[in-house]
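Below is data.cif, holding mmCIF, C-alpha atoms and all ligand atoms.
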data_input
loop_
_atom_site.label_atom_id
_atom_site.label_comp_id
_atom_site.auth_asym_id
_atom_site.auth_seq_id
_atom_site.Cartn_x
_atom_site.Cartn_y
_atom_site.Cartn_z
CA MET A 1 -327.12 -222.84 -133.03
CA LYS A 2 -325.36 -224.74 -135.85
CA TRP A 3 -321.92 -223.78 -137.05
CA ALA A 4 -319.21 -225.05 -139.38
CA THR A 5 -315.59 -224.10 -140.02
CA VAL A 6 -313.98 -224.67 -143.40
CA GLU A 7 -310.42 -224.19 -144.61
CA ALA A 8 -310.43 -223.46 -148.37
CA PRO A 9 -307.33 -222.94 -150.50
CA ALA A 10 -306.40 -220.25 -153.00
CA ASN A 11 -305.70 -221.36 -156.56
CA ILE A 12 -303.33 -220.28 -159.30
CA ALA A 13 -304.63 -220.24 -162.87
CA LEU A 14 -302.60 -221.88 -165.63
CA VAL A 15 -305.00 -220.40 -168.20
CA LYS A 16 -306.45 -217.21 -166.73
CA TYR A 17 -310.00 -215.97 -166.36
CA TRP A 18 -310.01 -212.44 -167.77
CA GLY A 19 -313.21 -210.81 -169.01
CA ALA A 20 -316.81 -211.73 -168.21
CA ARG A 21 -319.90 -211.88 -170.38
CA ASP A 22 -321.97 -211.36 -167.23
CA LEU A 23 -319.86 -209.86 -164.44
CA GLU A 24 -322.56 -209.92 -161.77
CA ARG A 25 -323.02 -213.69 -162.13
CA ALA A 26 -319.32 -214.11 -163.00
CA ILE A 27 -319.99 -215.91 -166.28
CA PRO A 28 -316.63 -215.76 -168.06
CA HIS A 29 -316.02 -215.20 -171.76
CA HIS A 30 -313.87 -218.32 -171.92
CA PRO A 31 -312.87 -221.34 -169.77
CA SER A 32 -309.91 -221.27 -167.40
CA ILE A 33 -307.76 -223.98 -165.76
CA SER A 34 -306.07 -223.80 -162.36
CA ILE A 35 -304.14 -225.62 -159.69
CA THR A 36 -305.73 -225.64 -156.24
CA LEU A 37 -303.06 -224.75 -153.67
CA ARG A 38 -302.63 -226.05 -150.12
CA ALA A 39 -300.56 -223.61 -148.01
CA CYS A 40 -302.33 -220.39 -149.00
CA ASN A 41 -305.82 -220.69 -147.64
CA SER A 42 -308.69 -218.99 -145.83
CA THR A 43 -310.38 -220.43 -142.75
CA THR A 44 -313.96 -219.36 -142.15
CA THR A 45 -316.55 -220.16 -139.49
CA VAL A 46 -320.24 -219.57 -140.25
CA GLU A 47 -322.83 -219.79 -137.50
CA HIS A 48 -326.57 -219.98 -138.19
CA ASP A 49 -328.94 -218.36 -135.70
CA PRO A 50 -332.48 -219.27 -136.81
CA GLU A 51 -333.90 -216.49 -134.58
CA GLY A 52 -331.35 -213.80 -135.55
CA SER A 53 -332.08 -210.83 -137.80
CA ALA A 54 -328.72 -209.29 -138.89
CA ASP A 55 -325.80 -210.95 -140.68
CA GLU A 56 -322.26 -210.23 -139.45
CA ILE A 57 -318.77 -210.74 -140.85
CA TRP A 58 -315.55 -210.44 -138.83
CA LEU A 59 -311.84 -210.82 -139.52
CA ALA A 60 -310.19 -213.19 -137.03
CA THR A 61 -306.66 -212.20 -136.00
CA GLY A 62 -303.93 -214.68 -135.11
CA ALA A 63 -304.40 -213.66 -131.46
CA GLY A 64 -308.02 -214.84 -131.54
CA GLU A 65 -309.55 -211.36 -131.66
CA LEU A 66 -312.38 -210.40 -134.02
CA VAL A 67 -311.98 -207.11 -135.89
CA VAL A 68 -314.20 -205.21 -138.31
CA PRO A 69 -313.13 -205.90 -141.92
CA PRO A 70 -312.60 -203.19 -144.57
CA GLU A 71 -315.95 -201.86 -145.80
CA SER A 72 -315.58 -203.10 -149.41
CA PHE A 73 -314.95 -206.66 -148.18
CA ARG A 74 -317.71 -206.47 -145.56
CA LYS A 75 -320.30 -205.48 -148.19
CA ARG A 76 -319.38 -208.27 -150.59
CA ALA A 77 -319.24 -210.90 -147.83
CA VAL A 78 -322.59 -209.91 -146.30
CA ALA A 79 -324.22 -209.94 -149.76
CA HIS A 80 -322.86 -213.45 -150.23
CA LEU A 81 -324.19 -214.62 -146.84
CA GLN A 82 -327.63 -213.42 -147.96
CA ARG A 83 -327.24 -215.30 -151.25
CA ILE A 84 -326.28 -218.52 -149.40
CA ARG A 85 -329.30 -218.20 -147.09
CA GLU A 86 -331.68 -217.62 -150.03
CA TRP A 87 -330.18 -220.54 -151.93
CA ALA A 88 -330.75 -222.74 -148.88
CA GLY A 89 -334.29 -221.40 -148.39
CA ALA A 90 -333.41 -220.70 -144.74
CA ALA A 91 -334.49 -217.97 -142.33
CA GLY A 92 -332.58 -216.24 -139.52
CA ALA A 93 -329.09 -214.70 -139.51
CA LEU A 94 -325.60 -215.87 -140.42
CA ARG A 95 -322.54 -214.76 -138.46
CA ALA A 96 -319.11 -215.37 -139.95
CA ALA A 97 -315.45 -214.90 -139.08
CA THR A 98 -312.53 -215.47 -141.43
CA ARG A 99 -308.74 -215.41 -141.49
CA ASN A 100 -306.05 -216.03 -144.09
CA SER A 101 -302.94 -218.17 -143.71
CA PHE A 102 -301.04 -215.66 -145.82
CA PRO A 103 -300.70 -211.95 -145.04
CA MET A 104 -303.35 -209.86 -146.84
CA SER A 105 -300.82 -207.02 -146.84
CA ALA A 106 -298.58 -209.13 -149.07
CA GLY A 107 -300.97 -208.34 -151.90
CA MET A 108 -301.91 -211.97 -152.46
CA ALA A 109 -305.34 -212.51 -153.95
CA SER A 110 -307.50 -213.84 -151.15
CA SER A 111 -310.95 -213.55 -152.69
CA ALA A 112 -310.99 -217.04 -154.26
CA SER A 113 -310.12 -218.83 -151.02
CA GLY A 114 -312.21 -216.42 -148.94
CA PHE A 115 -315.41 -216.85 -150.94
CA ALA A 116 -314.89 -220.60 -151.37
CA ALA A 117 -314.52 -220.96 -147.58
CA LEU A 118 -317.54 -218.75 -146.90
CA THR A 119 -319.65 -220.76 -149.36
CA VAL A 120 -318.71 -224.23 -148.14
CA ALA A 121 -318.91 -223.24 -144.43
CA GLY A 122 -322.25 -221.44 -145.00
CA ALA A 123 -323.77 -224.48 -146.72
CA ALA A 124 -322.51 -226.78 -143.94
CA ALA A 125 -323.81 -224.48 -141.15
CA LEU A 126 -327.22 -224.58 -142.82
CA GLY A 127 -327.01 -228.36 -142.83
CA LEU A 128 -326.96 -228.72 -146.60
CA GLU A 129 -324.95 -231.52 -148.07
CA ARG A 130 -324.40 -230.49 -151.66
CA GLY A 131 -322.00 -231.76 -154.28
CA PRO A 132 -318.99 -229.76 -155.42
CA ALA A 133 -320.68 -228.66 -158.67
CA GLU A 134 -323.48 -226.88 -156.84
CA LEU A 135 -321.05 -225.35 -154.35
CA SER A 136 -318.86 -224.19 -157.24
CA SER A 137 -321.81 -222.36 -158.85
CA LEU A 138 -322.74 -220.81 -155.52
CA ALA A 139 -319.13 -219.70 -154.86
CA ARG A 140 -318.97 -218.19 -158.36
CA SER A 141 -322.12 -216.15 -157.72
CA SER A 142 -320.14 -214.19 -155.09
CA GLY A 143 -318.76 -212.25 -158.07
CA SER A 144 -315.27 -213.59 -157.38
CA GLY A 145 -315.39 -216.03 -160.28
CA SER A 146 -312.13 -217.79 -159.49
CA ALA A 147 -313.72 -218.96 -156.18
CA ALA A 148 -315.65 -221.42 -158.39
CA ARG A 149 -312.36 -223.32 -158.89
CA SER A 150 -311.28 -223.26 -155.21
CA VAL A 151 -314.09 -225.54 -154.00
CA MET A 152 -312.31 -228.46 -155.71
CA GLY A 153 -308.86 -229.90 -155.19
CA GLY A 154 -306.16 -230.75 -157.71
CA TYR A 155 -306.31 -229.59 -161.34
CA VAL A 156 -309.55 -227.78 -162.09
CA GLU A 157 -311.29 -226.42 -165.18
CA TRP A 158 -314.01 -223.78 -165.03
CA PRO A 159 -316.11 -223.71 -168.22
CA SER A 160 -317.77 -220.60 -169.66
CA ASP A 161 -321.30 -221.87 -170.16
CA PRO A 162 -323.97 -219.16 -169.51
CA ASP A 163 -326.15 -221.77 -167.79
CA ASP A 164 -325.50 -221.67 -164.02
CA GLU A 165 -325.18 -225.42 -163.56
CA ALA A 166 -323.07 -226.00 -166.66
CA CYS A 167 -320.75 -223.18 -165.51
CA ALA A 168 -319.64 -225.13 -162.43
CA ALA A 169 -315.97 -226.07 -162.23
CA VAL A 170 -314.86 -229.67 -162.81
CA GLN A 171 -311.83 -231.53 -161.55
CA LEU A 172 -309.49 -232.58 -164.38
CA ALA A 173 -307.22 -234.58 -162.06
CA PRO A 174 -306.79 -234.96 -158.29
CA ALA A 175 -303.79 -233.47 -156.47
CA ARG A 176 -302.03 -236.86 -156.24
CA HIS A 177 -301.98 -237.08 -160.05
CA TRP A 178 -298.97 -234.71 -160.22
CA ASP A 179 -296.94 -233.17 -157.42
CA LEU A 180 -296.27 -229.72 -158.89
CA ARG A 181 -294.90 -226.94 -156.68
CA ASN A 182 -295.70 -223.23 -156.71
CA VAL A 183 -293.01 -220.97 -155.26
CA ILE A 184 -294.47 -217.50 -154.81
CA ALA A 185 -292.18 -214.48 -154.93
CA VAL A 186 -294.03 -211.75 -153.05
CA VAL A 187 -292.54 -208.55 -154.42
CA HIS A 188 -292.73 -205.03 -153.17
CA GLY A 189 -295.74 -203.54 -154.96
CA GLY A 190 -296.32 -199.89 -154.27
CA ALA A 191 -298.56 -199.29 -157.31
CA LYS A 192 -302.25 -198.61 -156.65
CA LYS A 193 -304.23 -201.84 -156.71
CA ILE A 194 -306.85 -202.17 -159.41
CA SER A 195 -309.26 -204.98 -158.70
CA SER A 196 -309.68 -207.89 -161.05
CA LEU A 197 -313.37 -206.91 -161.26
CA ASP A 198 -312.33 -203.66 -162.99
CA GLY A 199 -309.95 -205.65 -165.17
CA HIS A 200 -312.74 -207.98 -166.36
CA VAL A 201 -314.80 -204.96 -167.41
CA LEU A 202 -311.94 -203.31 -169.30
CA ALA A 203 -310.67 -206.46 -171.06
CA GLU A 204 -312.85 -205.92 -174.12
CA THR A 205 -311.39 -202.46 -174.69
CA SER A 206 -308.02 -204.05 -175.54
CA PRO A 207 -307.40 -204.72 -179.26
CA HIS A 208 -305.60 -207.91 -178.19
CA TYR A 209 -308.55 -209.45 -176.36
CA ALA A 210 -310.36 -210.75 -179.47
CA ARG A 211 -307.15 -212.45 -180.62
CA ARG A 212 -306.69 -214.00 -177.16
CA ARG A 213 -310.12 -215.55 -177.37
CA GLU A 214 -309.34 -217.01 -180.81
CA ILE A 215 -306.16 -218.62 -179.52
CA LEU A 216 -307.61 -219.98 -176.27
CA PRO A 217 -309.41 -223.18 -177.39
CA ASP A 218 -306.13 -224.70 -178.68
CA ARG A 219 -304.22 -223.46 -175.63
CA LEU A 220 -306.76 -224.95 -173.22
CA GLN A 221 -306.52 -228.29 -174.99
CA ALA A 222 -302.71 -228.18 -174.86
CA VAL A 223 -302.88 -227.50 -171.10
CA ARG A 224 -305.33 -230.39 -170.53
CA ASP A 225 -302.97 -232.68 -172.52
CA ALA A 226 -299.87 -231.51 -170.62
CA ILE A 227 -301.59 -232.13 -167.27
CA ALA A 228 -302.72 -235.59 -168.39
CA ALA A 229 -299.14 -236.38 -169.52
CA ARG A 230 -297.57 -234.73 -166.41
CA SER A 231 -295.25 -232.84 -168.74
CA LEU A 232 -293.90 -229.62 -167.24
CA GLY A 233 -291.79 -229.11 -170.36
CA SER A 234 -295.03 -228.88 -172.39
CA LEU A 235 -297.11 -227.07 -169.76
CA GLY A 236 -294.64 -224.40 -168.62
CA PRO A 237 -294.16 -222.38 -171.82
CA ILE A 238 -297.95 -222.21 -172.33
CA VAL A 239 -298.49 -221.06 -168.74
CA GLU A 240 -295.94 -218.25 -169.14
CA GLU A 241 -297.43 -217.23 -172.49
CA ASP A 242 -300.93 -217.08 -171.02
CA ALA A 243 -299.89 -214.93 -168.05
CA ILE A 244 -297.96 -212.50 -170.26
CA GLU A 245 -301.01 -212.27 -172.52
CA LEU A 246 -303.30 -211.42 -169.59
CA HIS A 247 -300.97 -208.55 -168.71
CA LEU A 248 -300.69 -207.50 -172.37
CA VAL A 249 -304.50 -207.23 -172.45
CA ALA A 250 -304.53 -205.32 -169.15
CA MET A 251 -301.78 -202.91 -170.24
CA SER A 252 -303.53 -202.23 -173.55
CA SER A 253 -306.99 -201.67 -172.07
CA THR A 254 -308.52 -198.19 -171.95
CA PRO A 255 -307.52 -196.92 -169.43
CA PRO A 256 -304.46 -199.19 -169.19
CA ILE A 257 -303.80 -201.28 -166.08
CA PHE A 258 -300.23 -201.94 -164.97
CA TYR A 259 -299.95 -204.59 -162.30
CA TRP A 260 -296.21 -205.21 -162.46
CA ALA A 261 -293.60 -203.73 -160.15
CA PRO A 262 -289.90 -203.44 -161.12
CA ALA A 263 -289.11 -206.60 -159.14
CA THR A 264 -291.69 -208.52 -161.19
CA LEU A 265 -289.36 -208.18 -164.21
CA THR A 266 -286.35 -209.18 -162.10
CA VAL A 267 -288.11 -212.40 -161.08
CA LEU A 268 -289.23 -213.15 -164.66
CA ALA A 269 -285.63 -212.77 -165.90
CA THR A 270 -284.29 -214.90 -163.04
CA VAL A 271 -286.70 -217.72 -163.84
CA ARG A 272 -285.44 -217.71 -167.45
CA GLU A 273 -281.85 -217.93 -166.08
CA LEU A 274 -282.86 -220.84 -163.83
CA ARG A 275 -284.03 -222.68 -166.94
CA GLU A 276 -280.66 -222.00 -168.59
CA ARG A 277 -279.12 -223.71 -165.53
CA GLY A 278 -281.31 -226.73 -166.27
CA ILE A 279 -283.99 -226.13 -163.63
CA LEU A 280 -287.45 -226.53 -165.10
CA ALA A 281 -289.39 -223.53 -163.72
CA TYR A 282 -292.03 -221.27 -165.27
CA SER A 283 -293.62 -218.00 -164.18
CA THR A 284 -297.21 -216.88 -163.93
CA MET A 285 -298.84 -213.78 -162.41
CA ASP A 286 -302.37 -212.87 -161.40
CA ALA A 287 -303.76 -209.33 -161.21
CA GLY A 288 -300.84 -208.10 -159.12
CA PRO A 289 -297.03 -207.84 -159.07
CA ASN A 290 -296.24 -211.19 -157.41
CA VAL A 291 -294.78 -214.04 -159.44
CA HIS A 292 -295.85 -217.66 -158.96
CA VAL A 293 -293.13 -220.03 -160.14
CA ILE A 294 -294.30 -223.48 -161.14
CA CYS A 295 -291.71 -226.24 -160.79
CA GLU A 296 -291.28 -229.87 -159.76
CA PRO A 297 -290.21 -231.01 -156.25
CA GLU A 298 -286.55 -231.49 -157.29
CA GLY A 299 -286.31 -227.86 -158.43
CA GLU A 300 -288.16 -226.27 -155.49
CA ASP A 301 -285.20 -225.54 -153.18
CA ALA A 302 -283.11 -223.94 -155.92
CA VAL A 303 -286.07 -221.81 -157.08
CA ALA A 304 -287.01 -220.70 -153.55
CA GLU A 305 -283.42 -219.90 -152.50
CA THR A 306 -282.65 -218.02 -155.71
CA LEU A 307 -285.82 -215.92 -155.56
CA ALA A 308 -285.43 -215.13 -151.83
CA ALA A 309 -282.00 -213.60 -152.54
CA LEU A 310 -283.33 -211.12 -155.13
CA GLU A 311 -283.64 -207.44 -154.39
CA GLY A 312 -287.30 -206.43 -154.26
CA VAL A 313 -288.53 -209.87 -153.20
CA GLU A 314 -290.05 -209.49 -149.73
CA THR A 315 -291.06 -213.06 -148.96
CA VAL A 316 -291.08 -216.42 -150.66
CA ILE A 317 -294.02 -218.74 -150.01
CA ARG A 318 -293.67 -222.41 -150.87
CA ASP A 319 -296.91 -224.01 -151.95
CA GLY A 320 -298.09 -227.01 -153.93
CA VAL A 321 -301.18 -228.79 -155.24
CA GLY A 322 -303.79 -229.46 -152.56
CA ASP A 323 -306.97 -231.48 -152.07
CA GLY A 324 -309.44 -228.61 -151.74
CA PRO A 325 -311.61 -227.42 -148.83
CA ARG A 326 -311.86 -229.36 -145.56
CA LEU A 327 -313.98 -229.07 -142.43
CA LEU A 328 -312.19 -228.14 -139.17
CA GLU A 329 -313.33 -228.74 -135.60
CA GLU A 330 -312.41 -225.30 -134.18
CA SER A 331 -314.65 -222.22 -134.28
CA LEU A 332 -313.28 -218.74 -134.99
CA LEU A 333 -316.32 -217.13 -133.37
O1 LIG B 401 -312.05 -214.18 -159.54
P1 LIG B 401 -311.61 -212.82 -159.84
O2 LIG B 401 -312.73 -211.92 -160.28
O3 LIG B 401 -310.82 -212.20 -158.71
O4 LIG B 401 -310.62 -212.89 -161.09
C1 LIG B 401 -309.42 -213.63 -161.07
C2 LIG B 401 -308.53 -213.14 -162.13
C3 LIG B 401 -307.12 -213.73 -162.15
O5 LIG B 401 -306.70 -214.08 -160.86
C4 LIG B 401 -306.18 -212.70 -162.71
C5 LIG B 401 -307.04 -214.95 -163.06
C6 LIG B 401 -307.63 -216.24 -162.57
O6 LIG B 401 -308.16 -216.97 -163.39
O7 LIG B 401 -307.52 -216.54 -161.36
#

Let's see the structure in the file written out as structure tokens.
Ligand code: PMV
Amino acid sequence: MKWATVEAPANIALVKYWGARDLERAIPHHPSISITLRACNSTTTVEHDPEGSADEIWLATGAGELVVPPESFRKRAVAHLQRIREWAGAAGALRAATRNSFPMSAGMASSASGFAALTVAGAAALGLERGPAELSSLARSSGSGSAARSVMGGYVEWPSDPDDEACAAVQLAPARHWDLRNVIAVVHGGAKKISSLDGHVLAETSPHYARRREILPDRLQAVRDAIAARSLGSLGPIVEEDAIELHLVAMSSTPPIFYWAPATLTVLATVRELRERGILAYSTMDAGPNVHVICEPEGEDAVAETLAALEGVETVIRDGVGDGPRLLEESLL
């Protein structure tokens, strides 16, 4: 029986993916750009039994136990195992176990790292040595589009080409190009979670979505330029603007989606105050209430300490730019 274990990181988008022209294949309406993280990751073992007949997916606990995952996750993961097997032209069954380095209960998006890890481990268990572009397309086909960016390290762009191959993510710069930090303020949520998949469907019902798409080509170019120049002063304001715009589109969809919690606004205001104190730090948020604060190493302690002291902030996670997925020697199964 062949097996492989892969640790794959989450990523945080600087220009967000929001809205798909083909949701099933996760073909986005427009390109997005992200930073691949290093501390927030998923570790997944996939085992290939050539004689087996039923695929399995388990959640691995810290104590080394395997537990049954929530049904919605189980369905999506098993469908992806089937896709990986078909793509490889293999027979038999795949058995997988996965765990996250960050608490799922903290409301952190884990689908990008989870599906990137499942994809890369699945391909390795089936003995396929494929390049990152092909793995990116395969990860994207899980339906969790942002997983397409997590198979690569550093600064990553995911284009919006309807052709499968051309829609693979590309690395703009490796992690060592620029040591940016991401301090994550995990805030108390409470509000019902609406998945990003629902958000992608509703995006076009917002009157602001068409305008967003008009603005994006220039914004994407400005972000590529700021990364190339390692200029947080140029990058930060655009990153904040893009995140606010994603939430503007979500809040003005029909029906509207509100991801923010009261503490989200507290963190946003505090980050503006940090800048007034001369600390270069900028906020961004995904489809949830948590705030990711992008800063440079010299500002990280001040950002983390200030955010940890705020009411409504449950935990602060310190993360940075990472090198992408890596193979591990241990098995979770
Ligand atoms: O990959 P999905 O379908 O979970 O969508 C991700 C959406 C955002 O996290 C809000 C933005 C992004 O580009 O990561």

Worksheet entry | Nearest to His292 (chain A), chosen from A:Ala166, A:Ile227, A:Leu37, A:Ala79, with all atoms listed in the file counted in the distances |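 That would be A:Leu37, the residue with the smallest distance to His292 (chain A).
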
Item to complete: Please give me, as a PyMOL selection string, the residues lying within 9 Å of ligand LIG 401 (chain B) when counting only C-alpha atoms and all ligand atoms.
Response: chain A and resi 11-20+23+26+32-34+109-112+140+143-149+195-200+243+246-247+285-288

Discussion item. Would you pick out the contacts of Ile184 (chain A) at 7 Å or less, using all atoms listed in the file, so that residues sharing its chain but fewer than 3 positions from it are not included, and give the list as an MDAnalysis selection string?
Written reply: chainID A and resid 291:293 316:318

Tell me, as an mmCIF file with C-alpha atoms, in the frame of the given file, which residues lie within 10 Å of Phe258 (chain A), counting all atoms listed in the file; anything in the same chain fewer than 4 positions away does not count.
data_model
loop_
_atom_site.group_PDB
_atom_site.id
_atom_site.type_symbol
_atom_site.label_atom_id
_atom_site.label_comp_id
_atom_site.auth_asym_id
_atom_site.auth_seq_id
_atom_site.Cartn_x
_atom_site.Cartn_y
_atom_site.Cartn_z
ATOM 1 C CA ALA A 191 -298.560 -199.290 -157.310
ATOM 2 C CA LYS A 192 -302.250 -198.610 -156.650
ATOM 3 C CA LYS A 193 -304.230 -201.840 -156.710
ATOM 4 C CA ILE A 194 -306.850 -202.170 -159.410
ATOM 5 C CA HIS A 247 -300.970 -208.550 -168.710
ATOM 6 C CA LEU A 248 -300.690 -207.500 -172.370
ATOM 7 C CA ALA A 250 -304.530 -205.320 -169.150
ATOM 8 C CA MET A 251 -301.780 -202.910 -170.240
ATOM 9 C CA SER A 252 -303.530 -202.230 -173.550
ATOM 10 C CA SER A 253 -306.990 -201.670 -172.070
ATOM 11 C CA ALA A 287 -303.760 -209.330 -161.210
ATOM 12 C CA GLY A 288 -300.840 -208.100 -159.120
ATOM 13 C CA PRO A 289 -297.030 -207.840 -159.070
#

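With all atoms listed in the file taken into account, the protein and nucleic acid residues at most 7 Å from His80 (chain A) (excluding it and anything under 4 positions from it in its own chain) are Arg76, Ile84 and Ser142 of chain A.
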
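Shortest atom-to-atom contact with Ala117 (chain A) among A:Val239, A:Leu333, A:Leu135, A:Ala8: A:Ala8, counting only C-alpha atoms.
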
Discussion item. One decimal, in Å: what's the spacing between CA of Pro159 (chain A) and CA of Gly127 (chain A)?
Written reply: 28.0 Å

Item to complete: Have a look at A:Ala228, A:Ile294, A:Val6, A:Ala175 and name the one nearest to Leu280 (chain A); count all atoms listed in the file.
Response: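 Answer, going by the shortest atom-to-atom distance: A:Ile294.
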
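At a cut-off of 8 Å from (-321.2, -221.4, -145.1), the residue set is Ala4, Thr45, Val46, Glu47, Leu81, Ile84, Ala117, Leu118, Thr119, Val120, Ala121, Gly122, Ala123, Ala124, Ala125 and Leu126 of chain A (counting all atoms listed in the file).
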
Practice prompt. To one decimal in Å, tell me the separation between CA of Ala308 (chain A) and CA of Glu276 (chain A).
Written response: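 Computing the Euclidean distance for CA of Ala308 (chain A) and CA of Glu276 (chain A) yields 18.7 Å.
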
Worksheet entry | Coordinates-based distance that separates CA of Ala93 (chain A) from CA of Ser53 (chain A) (Å, one decimal) | 5.2 Å

Within 12 Å of (-290.5, -209.5, -166.0), in the coordinates the file gives, what residues turn up when you count only C-alpha atoms, written out as a PDB file with C-alpha atoms, in the frame of the given file?
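Below you can see part-v4.pdb, which holds the result:
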ATOM      1  CA  VAL A 187    -292.540-208.550-154.420  1.00  0.00           C
ATOM      2  CA  GLU A 240    -295.940-218.250-169.140  1.00  0.00           C
ATOM      3  CA  ALA A 243    -299.890-214.930-168.050  1.00  0.00           C
ATOM      4  CA  ILE A 244    -297.960-212.500-170.260  1.00  0.00           C
ATOM      5  CA  HIS A 247    -300.970-208.550-168.710  1.00  0.00           C
ATOM      6  CA  TYR A 259    -299.950-204.590-162.300  1.00  0.00           C
ATOM      7  CA  TRP A 260    -296.210-205.210-162.460  1.00  0.00           C
ATOM      8  CA  ALA A 261    -293.600-203.730-160.150  1.00  0.00           C
ATOM      9  CA  PRO A 262    -289.900-203.440-161.120  1.00  0.00           C
ATOM     10  CA  ALA A 263    -289.110-206.600-159.140  1.00  0.00           C
ATOM     11  CA  THR A 264    -291.690-208.520-161.190  1.00  0.00           C
ATOM     12  CA  LEU A 265    -289.360-208.180-164.210  1.00  0.00           C
ATOM     13  CA  THR A 266    -286.350-209.180-162.100  1.00  0.00           C
ATOM     14  CA  VAL A 267    -288.110-212.400-161.080  1.00  0.00           C
ATOM     15  CA  LEU A 268    -289.230-213.150-164.660  1.00  0.00           C
ATOM     16  CA  ALA A 269    -285.630-212.770-165.900  1.00  0.00           C
ATOM     17  CA  THR A 270    -284.290-214.900-163.040  1.00  0.00           C
ATOM     18  CA  VAL A 271    -286.700-217.720-163.840  1.00  0.00           C
ATOM     19  CA  ARG A 272    -285.440-217.710-167.450  1.00  0.00           C
ATOM     20  CA  TYR A 282    -292.030-221.270-165.270  1.00  0.00           C
ATOM     21  CA  SER A 283    -293.620-218.000-164.180  1.00  0.00           C
ATOM     22  CA  THR A 284    -297.210-216.880-163.930  1.00  0.00           C
ATOM     23  CA  MET A 285    -298.840-213.780-162.410  1.00  0.00           C
ATOM     24  CA  PRO A 289    -297.030-207.840-159.070  1.00  0.00           C
ATOM     25  CA  ASN A 290    -296.240-211.190-157.410  1.00  0.00           C
ATOM     26  CA  VAL A 291    -294.780-214.040-159.440  1.00  0.00           C
TER      27      VAL A 291
END

Fill in: Nearest residue to Arg275 (chain A) from the set A:Pro255, A:Glu7, A:Gly233, A:Glu305 (distances using all atoms listed in the file)
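Nearest candidate to Arg275 (chain A) out of A:Pro255, A:Glu7, A:Gly233, A:Glu305: A:Gly233.
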
Worksheet item: Pick from A:Glu330, A:Trp3, A:Leu172, A:Ala139: nearest to Tyr155 (chain A), with only C-alpha atoms counted?
Response: A:Leu172

Set the distance at 12 Å and use only C-alpha atoms: which residues neighbour Asp323 (chain A) once local chain neighbours fewer than 2 positions away are removed? I'd like the list as a compact mmCIF listing (two decimals) with C-alpha atoms, in the frame of the given file.
# COMPACT_ATOMS: atom_id res chain seq x y z
CA GLU A 7 -310.42 -224.19 -144.61
CA ALA A 8 -310.43 -223.46 -148.37
CA PRO A 9 -307.33 -222.94 -150.50
CA ALA A 10 -306.40 -220.25 -153.00
CA ASN A 11 -305.70 -221.36 -156.56
CA ILE A 35 -304.14 -225.62 -159.69
CA THR A 36 -305.73 -225.64 -156.24
CA LEU A 37 -303.06 -224.75 -153.67
CA ARG A 38 -302.63 -226.05 -150.12
CA ALA A 39 -300.56 -223.61 -148.01
CA ASN A 41 -305.82 -220.69 -147.64
CA ARG A 149 -312.36 -223.32 -158.89
CA SER A 150 -311.28 -223.26 -155.21
CA VAL A 151 -314.09 -225.54 -154.00
CA MET A 152 -312.31 -228.46 -155.71
CA GLY A 153 -308.86 -229.90 -155.19
CA GLY A 154 -306.16 -230.75 -157.71
CA TYR A 155 -306.31 -229.59 -161.34
CA VAL A 156 -309.55 -227.78 -162.09
CA GLN A 171 -311.83 -231.53 -161.55
CA ALA A 173 -307.22 -234.58 -162.06
CA PRO A 174 -306.79 -234.96 -158.29
CA ALA A 175 -303.79 -233.47 -156.47
CA ARG A 176 -302.03 -236.86 -156.24
CA HIS A 177 -301.98 -237.08 -160.05
CA TRP A 178 -298.97 -234.71 -160.22
CA ASP A 179 -296.94 -233.17 -157.42
CA GLY A 320 -298.09 -227.01 -153.93
CA VAL A 321 -301.18 -228.79 -155.24
CA PRO A 325 -311.61 -227.42 -148.83
CA ARG A 326 -311.86 -229.36 -145.56

Name the residues in contact with Leu332 (chain A) at a cut-off of 9 Å, using all atoms listed in the file, excluding same-chain residues fewer than 2 positions from it; report them as a CSV table (one decimal) with C-alpha atoms, keeping the file's coordinate frame.
chain,number,residue,atom,x,y,z
A,5,THR,CA,-315.6,-224.1,-140.0
A,43,THR,CA,-310.4,-220.4,-142.8
A,44,THR,CA,-314.0,-219.4,-142.2
A,45,THR,CA,-316.6,-220.2,-139.5
A,46,VAL,CA,-320.2,-219.6,-140.2
A,60,ALA,CA,-310.2,-213.2,-137.0
A,64,GLY,CA,-308.0,-214.8,-131.5
A,65,GLU,CA,-309.6,-211.4,-131.7
A,66,LEU,CA,-312.4,-210.4,-134.0
A,96,ALA,CA,-319.1,-215.4,-140.0
A,97,ALA,CA,-315.4,-214.9,-139.1
A,98,THR,CA,-312.5,-215.5,-141.4
A,99,ARG,CA,-308.7,-215.4,-141.5
A,330,GLU,CA,-312.4,-225.3,-134.2

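Among A:Gly131, A:Pro50, A:Pro207, A:Gly324, the residue with the shortest atom-to-atom distance to Pro256 (chain A), counting only C-alpha atoms, is A:Pro207.
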